[in-house]
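Step one of this worksheet: look at the structure below.
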Amino acid sequence: MNHPIIALRRTRVRRGFPIRGDKTDIADLLAEGLSPHNVKRVYIWDSEKQDVWVDTTDTIELKITALRKHASQMGDWDPSDEMRRWGAEAGKAHGLAYAESFRVMKLGE
C-alpha cells in the first residue's frame with residue numbers, strides 16, 4: 001500500500017529535509033511553546049539498500065492489530081498472513097523470527 005501522504009513524506013525525506021531548521025514553517029508550534037528538534041537519524045522503509053534490521057518478534061501481533069484498525073484503507077483484506085510472511089523473510093538472514101528492514105540516513109550525531 002502506498003498512501004499519498006506517506007509518499008509525499010518519503011519524497012521530502014529523500015530530498016534532504018528542505019525545511020530543516022526553518023522556524024517560519026513551524027510558527028504555530030513555537031507559539032504553543034514547543035521547540036524544534038534536530039533529527040539525527042531517519043529510518044527509511046521500502047528502500048532497496050537496507051542497512052538496519054529491527055527485531056519485531058515481540059510486536060508483530062500489535063502491528064497486525066493496528067493495521068486492522070485502518071478499516072477504510074484495509075477493506076476486507078486481513079493483513080495477518082502477509083505481515084507474518086514479510087516479517088519472517090526480513091528476519092530470516094539475521095536469525096530473527098520477524099524483522100523490518102530500513103535504510104538509515106544519518107544527519108548528525
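By order in the C-alpha cells, chains are A, B, ...; within a chain, residues start at 1; ligands start at 1, following the order shown.
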### Message
With DSSP run on the backbone, what are the helix (DSSP H, G or I) residues within stretch 26-106 of chain A? I'd like them as a ChimeraX atom specification.
### Response
/A:26-31,60-68,71-74,80-92
### Query
Do you know which residues are at most 10 Å from A:Glu61 counting only C-alpha atoms, after dropping those on the same chain fewer than 5 positions away, and could you put them as number ranges by chain?
A: 56, 66-67, 80, 83-84
Keeping C-alpha atoms, export the residues of the selection given above as a PDB file, in the first residue's frame.
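The file below, part_2.pdb, is the result:
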```pdb
ATOM      1  CA  THR A  56       9.805  -7.105  15.541  1.00  0.00           C
ATOM      2  CA  ALA A  66      -3.069  -1.794  14.412  1.00  0.00           C
ATOM      3  CA  LEU A  67      -3.314  -2.402  10.666  1.00  0.00           C
ATOM      4  CA  SER A  80      -2.082 -11.248   9.111  1.00  0.00           C
ATOM      5  CA  MET A  83       2.691  -9.300   7.601  1.00  0.00           C
ATOM      6  CA  ARG A  84       3.966 -12.530   9.139  1.00  0.00           C
TER       7      ARG A  84
END
```
### Query
Excluding same-chain residues fewer than 3 positions from A:Tyr43, what lies within 8 Å of it counting only C-alpha atoms, as a list in words?
Phe102, Arg103, Val104 and Met105 of chain A
### Query
Quick one: of A:Lys106, A:Ile26, A:Trp77, A:Ala88, who's nearest to A:Thr57, counting only C-alpha atoms?
A:Ala88
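With atom CA of A:Val54 on one side and atom CA of A:Trp86 on the other, the separation reads 13.1 Å.
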### Atom pair atom CA of A:Gly87 / atom CA of A:Glu100: separation (Å)
6.1 Å
### Message
Can you pull out the residues contacting A:Asp78? Cut-off 10 Å, using only C-alpha atoms, and skip same-chain residues under 2 positions away; I want them as a ChimeraX atom specification.
### Response
/A:64-65,67-68,74-76,80-83
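We find atom CA of A:Asp58 and atom CA of A:Leu96 to be spaced 10.8 Å apart.
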